[in-house]
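Student: The structure under discussion is supplied below as structure tokens; questions concerning it will follow.
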Amino acid sequence: MSAHNEPLSREQILAVLRDVEDPEAPVSIVDLGLVANCGMATDGAIEVELIPTRAGCPAREFIRFLVEKRLKVAFGERQVRCRWLDAAAWSTERISPEGRRRLREYGIAVPELDSDGRRRLRCPYCDSANVRQESPFGTSVCRAIWYCDSCRNPFEEMRWLEEGLASHFHQQEVRLWTNP
Amino acid sequence: MKAELEPIIRAWADDEIFFATYLLGRSCSASPDLEKILAMASIGQDEFGHAELLLSLLFPGPDAQRRRDKERYFFEREPQDFRNCGLLKLELMDDWAAFVVRAFLYEEAESVRMGRLSEVEDLAGVVAIMEREEEEHRRYWRWWITSLARHPEARQRLGSAIELLLPYVVDTFWIVDAPTWWDPAILRRQWAGAVAEVLAPLSLPHADSLLAQMASEPKPGPDVPSFWEFVREQQRIYRSDPEAVTWG
């Protein structure tokens, strides 16, 4: 535990935030790309800014609670100011390689872009590209349900788009729209 | 945010809150299967998020205070003070076709509303965030309408739902104290045009009457006394302990 006025680096804060898991998947909020900024303010308080995966993510309050609690355990009873950036747009591009690996182990695929800029989604269990969307809405607001025709497993997609590619995805998803 | 936008934001937030409430509190029980229940829950959560975004414009300030302000705003108002459109005053208990028709009409109206408000500097950012999610919703409801229209029994149910909802589309876009540039007549015609693109090829019963009603001059909608009781139901738990907190 550090003294309340001891300077803290961004890296020290990030290291602690890596222990905070998203409540809906066993992956750190850092690897999920939720942490936009963190650091120490001039008054000594720790400040954290988070980006929600979607505007209505129901886990927002709970994540804020976990962040504040974890930082206070790590750094003593410093003031912690954690806030969500409502106007920021999250995308799957913010997920780190480690985050993608953890999600895949959990049965959640993250879309990748190929060299032509087209989206590729592979089954997290058998790596097949022979997959189809079952429903655009999954077990949480940021996921969709897919089915693998190779290994015959259902799986989920961590969905979101890079903003500039929205029209491309739109066309592709209409084609995949078989059974909402 | 400019003060003239407040009436629009208040009406919009109330629409989103009640649309979400129906999706999460009523539609789930009428959904055909588990995947559709998940879809209702996801769309409802999105809509609650949009209501939060809108209310954050009305209640800026530190997070904790803002949360309390938003709670008070929703839970401590009297039912007659809510400003949502008539389409969202009707409580539909168990008819999936009626849920689909209302959701389709509402989401198309929202698209028109967002299109107009994306031109307003103070709101363009919020609209852009919302549109990423709303575009998925619209595709979902259009798919449902089109799919149901292929089946004889479902067509009849869709027709009955359209007839049921007819009286409740008269006040869509009609907002008390809205700024002069907010022109509900133009927005209603755009709405009717967007809905007609989907409905015209389907030749559903009563669709022509609906489209004519949607494009008509706006006016106050009918009283819906059951809506007041519905609002009370949503407020009951909060009012039993207004100082209760969630986390921390």
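Convention: chains lettered A, B, ... in structure tokens order; per-chain residue numbering from 1; ligands numbered from 1 as shown.
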Can you list every residue in chain A that DSSP puts in helix (DSSP H, G or I), as number ranges by chain?
Tutor: A: 10-17, 60-75, 92-94, 97-105, 163-176
Student: Report as a ChimeraX atom specification all protein, DNA and RNA residues lying within 8 Å of region 206-220 of chain B, evaluated on only C-alpha atoms, omitting residues in the same chain fewer than 2 positions from it.
Tutor: /B:159,162-163,166,169-174,184-185,188-189,191-192,195-196,199-200,203-204,222
Student: Identify, on the basis of only C-alpha atoms, every residue whose closest approach to region 81-92 of chain A does not exceed 10 Å; exclude the query and any residue fewer than 5 positions from it along the same chain; express the result as a PyMOL selection string.
Tutor: (chain A and resi 32-36+38+40-41+45-56+60-61+63-65+67-68+100+110-112+142+158-163) or (chain B and resi 49-50+52-53+56+62-64+125-130+132)
Student: Could you take the residues named above and write them with N, CA and C atoms, as a compact mmCIF listing (two decimals), in the first residue's frame?
Tutor:
```txt
# COMPACT_ATOMS: atom_id res chain seq x y z
N LEU A 32 -9.94 -5.47 -22.71
CA LEU A 32 -11.17 -5.28 -23.47
C LEU A 32 -11.23 -3.90 -24.12
N GLY A 33 -10.31 -3.04 -23.73
CA GLY A 33 -10.26 -1.71 -24.34
C GLY A 33 -11.23 -0.72 -23.72
N LEU A 34 -11.67 -1.01 -22.49
CA LEU A 34 -12.62 -0.10 -21.85
C LEU A 34 -11.93 1.11 -21.23
N VAL A 35 -10.63 0.98 -20.92
CA VAL A 35 -9.93 2.08 -20.24
C VAL A 35 -9.43 3.08 -21.28
N ALA A 36 -10.00 4.25 -21.25
CA ALA A 36 -9.59 5.29 -22.20
C ALA A 36 -8.40 6.07 -21.66
N CYS A 38 -6.14 7.01 -17.73
CA CYS A 38 -6.02 6.93 -16.27
C CYS A 38 -4.77 7.68 -15.86
N MET A 40 -2.98 10.29 -12.31
CA MET A 40 -3.16 10.93 -11.01
C MET A 40 -3.39 12.43 -11.21
N ALA A 41 -4.41 12.94 -10.60
CA ALA A 41 -4.73 14.37 -10.73
C ALA A 41 -3.86 15.18 -9.78
N ALA A 45 -5.85 12.59 -6.36
CA ALA A 45 -6.86 11.57 -6.66
C ALA A 45 -6.47 10.76 -7.90
N ILE A 46 -6.91 9.53 -7.91
CA ILE A 46 -6.72 8.69 -9.11
C ILE A 46 -7.92 8.90 -10.01
N GLU A 47 -7.65 9.16 -11.27
CA GLU A 47 -8.74 9.37 -12.22
C GLU A 47 -8.71 8.28 -13.29
N VAL A 48 -9.89 7.74 -13.57
CA VAL A 48 -10.01 6.71 -14.60
C VAL A 48 -11.19 7.08 -15.48
N GLU A 49 -10.98 7.03 -16.79
CA GLU A 49 -12.08 7.26 -17.74
C GLU A 49 -12.29 5.99 -18.55
N LEU A 50 -13.55 5.57 -18.65
CA LEU A 50 -13.89 4.31 -19.31
C LEU A 50 -14.81 4.55 -20.50
N ILE A 51 -14.68 3.68 -21.50
CA ILE A 51 -15.57 3.74 -22.67
C ILE A 51 -16.51 2.54 -22.63
N PRO A 52 -17.82 2.73 -22.67
CA PRO A 52 -18.73 1.58 -22.66
C PRO A 52 -18.77 0.89 -24.02
N THR A 53 -18.93 -0.43 -24.01
CA THR A 53 -19.05 -1.15 -25.28
C THR A 53 -20.28 -0.69 -26.04
N ARG A 54 -21.36 -0.47 -25.30
CA ARG A 54 -22.58 0.09 -25.89
C ARG A 54 -23.18 1.06 -24.88
N ALA A 55 -24.02 1.95 -25.38
CA ALA A 55 -24.58 2.99 -24.52
C ALA A 55 -25.32 2.40 -23.32
N GLY A 56 -25.99 1.26 -23.55
CA GLY A 56 -26.83 0.71 -22.48
C GLY A 56 -26.19 -0.44 -21.74
N ARG A 60 -22.17 -1.13 -16.32
CA ARG A 60 -21.37 0.07 -16.11
C ARG A 60 -21.20 0.44 -14.64
N GLU A 61 -22.28 0.47 -13.92
CA GLU A 61 -22.20 0.86 -12.51
C GLU A 61 -21.35 -0.13 -11.73
N ILE A 63 -18.95 -2.09 -12.87
CA ILE A 63 -17.53 -1.97 -13.24
C ILE A 63 -16.91 -0.77 -12.52
N ARG A 64 -17.64 0.33 -12.49
CA ARG A 64 -17.13 1.50 -11.78
C ARG A 64 -16.87 1.17 -10.30
N PHE A 65 -17.80 0.45 -9.72
CA PHE A 65 -17.65 0.02 -8.33
C PHE A 65 -16.39 -0.84 -8.16
N VAL A 67 -13.70 -0.94 -10.08
CA VAL A 67 -12.50 -0.12 -10.32
C VAL A 67 -12.15 0.66 -9.07
N GLU A 68 -13.12 1.32 -8.49
CA GLU A 68 -12.85 2.14 -7.31
C GLU A 68 -12.38 1.28 -6.14
N ARG A 100 -8.28 -10.83 -26.94
CA ARG A 100 -8.85 -11.71 -27.98
C ARG A 100 -8.62 -13.18 -27.63
N VAL A 110 -13.87 -12.67 -31.88
CA VAL A 110 -13.76 -11.24 -32.17
C VAL A 110 -13.50 -11.09 -33.66
N PRO A 111 -14.30 -10.29 -34.37
CA PRO A 111 -14.08 -10.16 -35.81
C PRO A 111 -12.72 -9.55 -36.13
N GLU A 112 -12.11 -10.06 -37.17
CA GLU A 112 -10.84 -9.53 -37.64
C GLU A 112 -11.04 -9.01 -39.06
N CYS A 142 -23.44 -6.60 -26.02
CA CYS A 142 -22.31 -6.42 -26.96
C CYS A 142 -22.01 -7.70 -27.73
N MET A 158 -18.17 -11.04 -30.25
CA MET A 158 -18.07 -9.73 -29.62
C MET A 158 -18.26 -8.72 -30.73
N ARG A 159 -19.39 -8.07 -30.74
CA ARG A 159 -19.69 -7.28 -31.93
C ARG A 159 -19.47 -5.80 -31.70
N TRP A 160 -18.79 -5.24 -32.51
CA TRP A 160 -18.92 -3.83 -32.81
C TRP A 160 -18.08 -3.50 -33.99
N LEU A 161 -18.34 -2.39 -34.61
CA LEU A 161 -17.76 -2.04 -35.88
C LEU A 161 -16.88 -0.83 -35.74
N GLU A 162 -15.88 -0.80 -36.59
CA GLU A 162 -15.17 0.46 -36.72
C GLU A 162 -16.10 1.38 -37.48
N GLU A 163 -16.21 2.59 -37.04
CA GLU A 163 -17.27 3.46 -37.55
C GLU A 163 -17.23 3.61 -39.08
N GLY B 49 -29.89 2.85 -22.40
CA GLY B 49 -28.63 3.59 -22.55
C GLY B 49 -28.84 4.90 -23.28
N HIS B 50 -29.71 4.87 -24.29
CA HIS B 50 -29.96 6.10 -25.04
C HIS B 50 -30.71 7.12 -24.16
N GLU B 52 -30.37 7.36 -21.02
CA GLU B 52 -29.33 7.90 -20.12
C GLU B 52 -28.52 8.98 -20.80
N LEU B 53 -28.14 8.71 -22.05
CA LEU B 53 -27.38 9.71 -22.79
C LEU B 53 -28.15 11.03 -22.88
N SER B 56 -28.44 12.79 -19.58
CA SER B 56 -27.17 13.39 -19.20
C SER B 56 -27.02 14.80 -19.78
N PRO B 62 -21.25 16.13 -11.80
CA PRO B 62 -20.55 14.93 -11.33
C PRO B 62 -21.45 13.70 -11.42
N ASP B 63 -20.83 12.54 -11.66
CA ASP B 63 -21.58 11.31 -11.90
C ASP B 63 -22.62 11.01 -10.82
N ALA B 64 -22.18 11.09 -9.55
CA ALA B 64 -23.08 10.69 -8.46
C ALA B 64 -24.32 11.58 -8.43
N GLY B 125 -23.32 14.58 -31.80
CA GLY B 125 -22.48 13.53 -31.22
C GLY B 125 -23.30 12.42 -30.60
N VAL B 126 -24.30 12.79 -29.82
CA VAL B 126 -25.16 11.80 -29.17
C VAL B 126 -25.92 11.00 -30.23
N VAL B 127 -26.42 11.68 -31.24
CA VAL B 127 -27.16 10.99 -32.30
C VAL B 127 -26.25 9.97 -33.00
N ALA B 128 -24.99 10.33 -33.24
CA ALA B 128 -24.08 9.41 -33.92
C ALA B 128 -23.86 8.14 -33.10
N ILE B 129 -23.71 8.29 -31.80
CA ILE B 129 -23.53 7.12 -30.92
C ILE B 129 -24.78 6.24 -30.98
N MET B 130 -25.94 6.87 -30.89
CA MET B 130 -27.19 6.11 -30.87
C MET B 130 -27.45 5.41 -32.20
N ARG B 132 -25.52 4.09 -34.34
CA ARG B 132 -24.79 2.83 -34.53
C ARG B 132 -25.63 1.65 -34.03
```
Student: For chain B, which residues have at least one atom within 6 Å of chain A, if we go by only C-alpha atoms? Write them as number ranges by chain, please.
Tutor: B: 39, 42, 45-46, 48-49
Student: So how far away is CA of Ile175 (chain B) from CA of Ala11 (chain B), in Å?
Tutor: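 According to the coordinates, CA of Ala11 (chain B) and CA of Ile175 (chain B) are separated by 7.1 Å.
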Student: At a cut-off of 7 Å, using only C-alpha atoms, what residues contact region 13-30 of chain A? Leave out same-chain residues fewer than 6 positions from it and give the result as an MDAnalysis selection string.
Tutor: chainID A and resid 39 59 66:67 71 99 102:103
Student: Please identify which residues in region 48-167 of chain A DSSP calls strand (DSSP E) from the backbone, and express them as a PyMOL selection string.
Tutor: chain A and resi 48-50+80-84+108-109+112-113+119-120+131-135+143-148+154-158
Student: Create the file for the chosen residues now, containing N, CA and C atoms and written as a tab-separated table (two decimals), in the first residue's frame.
Tutor:
```tsv
chain	number	residue	atom	x	y	z
A	48	VAL	N	-9.89	7.74	-13.57
A	48	VAL	CA	-10.01	6.71	-14.60
A	48	VAL	C	-11.19	7.08	-15.48
A	49	GLU	N	-10.98	7.03	-16.79
A	49	GLU	CA	-12.08	7.26	-17.74
A	49	GLU	C	-12.29	5.99	-18.55
A	50	LEU	N	-13.55	5.57	-18.65
A	50	LEU	CA	-13.89	4.31	-19.31
A	50	LEU	C	-14.81	4.55	-20.50
A	80	VAL	N	-10.74	8.23	-5.52
A	80	VAL	CA	-10.75	7.67	-6.88
A	80	VAL	C	-11.92	8.28	-7.63
A	81	ARG	N	-11.64	8.83	-8.79
A	81	ARG	CA	-12.73	9.36	-9.62
A	81	ARG	C	-12.77	8.55	-10.91
A	82	CYS	N	-13.82	7.76	-11.03
A	82	CYS	CA	-13.98	6.92	-12.21
A	82	CYS	C	-15.24	7.36	-12.94
A	83	ARG	N	-15.12	7.65	-14.20
A	83	ARG	CA	-16.32	8.06	-14.94
A	83	ARG	C	-16.36	7.43	-16.32
A	84	TRP	N	-17.56	7.26	-16.80
A	84	TRP	CA	-17.78	6.71	-18.13
A	84	TRP	C	-17.89	7.85	-19.14
A	108	ILE	N	-15.92	-16.87	-27.25
A	108	ILE	CA	-16.38	-15.62	-27.89
A	108	ILE	C	-15.38	-15.22	-28.96
A	109	ALA	N	-15.86	-15.10	-30.20
A	109	ALA	CA	-14.99	-14.71	-31.31
A	109	ALA	C	-15.00	-13.19	-31.46
A	112	GLU	N	-12.11	-10.06	-37.17
A	112	GLU	CA	-10.84	-9.53	-37.64
A	112	GLU	C	-11.04	-9.01	-39.06
A	113	LEU	N	-10.21	-8.09	-39.47
A	113	LEU	CA	-10.27	-7.60	-40.84
A	113	LEU	C	-9.15	-8.25	-41.65
A	119	ARG	N	-14.51	-8.20	-43.17
A	119	ARG	CA	-14.55	-8.83	-41.86
A	119	ARG	C	-14.47	-10.36	-41.98
A	120	ARG	N	-13.70	-10.93	-41.09
A	120	ARG	CA	-13.60	-12.39	-41.01
A	120	ARG	C	-13.92	-12.82	-39.59
A	131	VAL	N	-19.09	-20.34	-40.84
A	131	VAL	CA	-19.94	-19.94	-39.71
A	131	VAL	C	-21.08	-19.06	-40.21
A	132	ARG	N	-22.17	-19.03	-39.47
A	132	ARG	CA	-23.29	-18.18	-39.87
A	132	ARG	C	-23.94	-17.58	-38.62
A	133	GLN	N	-24.54	-16.41	-38.85
A	133	GLN	CA	-25.16	-15.72	-37.72
A	133	GLN	C	-26.54	-16.32	-37.44
A	134	GLU	N	-26.77	-16.64	-36.18
A	134	GLU	CA	-28.07	-17.13	-35.75
A	134	GLU	C	-28.97	-16.00	-35.28
A	135	SER	N	-28.37	-15.06	-34.59
A	135	SER	CA	-29.15	-13.93	-34.07
A	135	SER	C	-28.22	-12.73	-33.87
A	143	ARG	N	-22.91	-8.68	-27.74
A	143	ARG	CA	-22.61	-9.93	-28.42
A	143	ARG	C	-23.73	-10.34	-29.37
A	144	ALA	N	-23.36	-11.16	-30.36
A	144	ALA	CA	-24.33	-11.78	-31.27
A	144	ALA	C	-24.11	-13.29	-31.23
A	145	ILE	N	-25.14	-14.04	-31.62
A	145	ILE	CA	-25.06	-15.50	-31.57
A	145	ILE	C	-24.75	-16.04	-32.97
A	146	TRP	N	-23.77	-16.92	-33.06
A	146	TRP	CA	-23.37	-17.55	-34.31
A	146	TRP	C	-23.39	-19.06	-34.15
A	147	TYR	N	-23.28	-19.73	-35.32
A	147	TYR	CA	-23.23	-21.19	-35.32
A	147	TYR	C	-22.14	-21.63	-36.28
A	148	CYS	N	-21.36	-22.62	-35.86
A	148	CYS	CA	-20.29	-23.14	-36.70
A	148	CYS	C	-20.79	-24.39	-37.41
A	154	PRO	N	-22.54	-23.75	-31.21
A	154	PRO	CA	-22.93	-22.34	-31.18
A	154	PRO	C	-21.80	-21.55	-30.49
A	155	PHE	N	-21.65	-20.33	-30.87
A	155	PHE	CA	-20.69	-19.47	-30.17
A	155	PHE	C	-21.17	-18.03	-30.27
A	156	GLU	N	-20.49	-17.14	-29.59
A	156	GLU	CA	-20.88	-15.74	-29.63
A	156	GLU	C	-19.80	-14.88	-30.26
A	157	GLU	N	-20.24	-13.78	-30.79
A	157	GLU	CA	-19.33	-12.81	-31.39
A	157	GLU	C	-19.34	-11.56	-30.53
A	158	MET	N	-18.17	-11.04	-30.25
A	158	MET	CA	-18.07	-9.73	-29.62
A	158	MET	C	-18.26	-8.72	-30.73
```
Student: Tell me which of B:Ala109, B:Glu35, B:Val231, B:Cys85 sits closest to Pro167 (chain B), counting only C-alpha atoms.
Tutor: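 Looking only at the distances to Pro167 (chain B), the closest residue turns out to be B:Cys85.
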Student: So that I can see what lies close to region 120-122 of chain B, please list as a list of chain:residue names the residues with an atom at most 12 Å from it, counting only C-alpha atoms and leaving out residues fewer than 6 positions away in the same chain.
Tutor: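 The neighbour list is B:Met1, B:Lys2, B:Ala3, B:Glu4, B:Leu5, B:Glu6, B:Ile8, B:Ile9, B:Leu54, B:Leu57, B:Leu58, B:Arg113, B:Met114, B:Ala128, B:Trp181, B:Trp182.
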Student: Generate a file of the selected residues that holds N, CA and C atoms, formatted as a tab-separated table (two decimals), in the first residue's frame.
Tutor:
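To be explicit, this is the file written out as part09.tsv:
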```tsv
chain	number	residue	atom	x	y	z
B	1	MET	N	-25.99	22.92	-23.59
B	1	MET	CA	-27.06	22.64	-24.54
B	1	MET	C	-28.06	23.80	-24.56
B	2	LYS	N	-28.51	24.15	-25.75
B	2	LYS	CA	-29.45	25.25	-25.86
B	2	LYS	C	-30.78	24.91	-25.17
B	3	ALA	N	-31.34	25.89	-24.48
B	3	ALA	CA	-32.57	25.65	-23.72
B	3	ALA	C	-33.73	25.24	-24.63
B	4	GLU	N	-33.72	25.71	-25.87
B	4	GLU	CA	-34.84	25.39	-26.75
B	4	GLU	C	-34.93	23.89	-27.07
B	5	LEU	N	-33.82	23.17	-26.84
B	5	LEU	CA	-33.82	21.73	-27.13
B	5	LEU	C	-34.46	20.89	-26.02
B	6	GLU	N	-34.63	21.51	-24.86
B	6	GLU	CA	-35.09	20.73	-23.70
B	6	GLU	C	-36.40	19.98	-23.92
B	8	ILE	N	-37.66	18.78	-26.57
B	8	ILE	CA	-37.41	17.65	-27.47
B	8	ILE	C	-36.69	16.53	-26.74
B	9	ILE	N	-35.67	16.90	-25.96
B	9	ILE	CA	-34.90	15.89	-25.23
B	9	ILE	C	-35.79	15.18	-24.20
B	54	LEU	N	-29.44	10.91	-23.18
B	54	LEU	CA	-30.26	12.10	-23.34
B	54	LEU	C	-30.42	12.84	-22.01
B	57	LEU	N	-27.70	15.05	-20.89
B	57	LEU	CA	-27.68	16.40	-21.45
B	57	LEU	C	-28.48	17.36	-20.58
B	58	LEU	N	-29.53	16.82	-19.96
B	58	LEU	CA	-30.37	17.66	-19.10
B	58	LEU	C	-29.74	17.84	-17.72
B	113	ARG	N	-36.49	11.11	-36.42
B	113	ARG	CA	-36.13	12.09	-35.38
B	113	ARG	C	-34.61	12.28	-35.33
B	114	MET	N	-33.87	11.17	-35.38
B	114	MET	CA	-32.41	11.29	-35.32
B	114	MET	C	-31.87	12.00	-36.55
B	128	ALA	N	-24.99	10.33	-33.24
B	128	ALA	CA	-24.08	9.41	-33.92
B	128	ALA	C	-23.86	8.14	-33.10
B	181	TRP	N	-38.42	25.58	-35.40
B	181	TRP	CA	-37.86	24.80	-36.52
B	181	TRP	C	-38.24	23.32	-36.45
B	182	TRP	N	-38.77	22.89	-35.34
B	182	TRP	CA	-39.22	21.49	-35.21
B	182	TRP	C	-40.58	21.38	-35.88
```
Student: Fewer than 5 positions away in the same chain doesn't count, so skip those; otherwise give me all residues within 12 Å of His151 (chain B), counting only C-alpha atoms, as a list in words.
Tutor: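 That gives Ala97, Trp144, Ile145, Thr146, Gln156, Arg157, Leu158, Leu202 and Leu204 of chain B.
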Student: Please compute the CA of Leu55 (chain B)-CA of Ala98 (chain B) distance, one decimal, in Å.
Tutor: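 Separation of CA of Leu55 (chain B) and CA of Ala98 (chain B): 28.7 Å.
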Student: Using CA of Ile17 (chain B) and CA of Glu197 (chain B) as the two end points, give the distance in Å to one decimal.
Tutor: 27.3 Å
Student: When you count only C-alpha atoms, which of these residues is closest to Ser240 (chain B): B:Phe59, B:Arg150, B:Phe99, B:Glu76?
Tutor: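 Of all the options, B:Glu76 lies closest to Ser240 (chain B).
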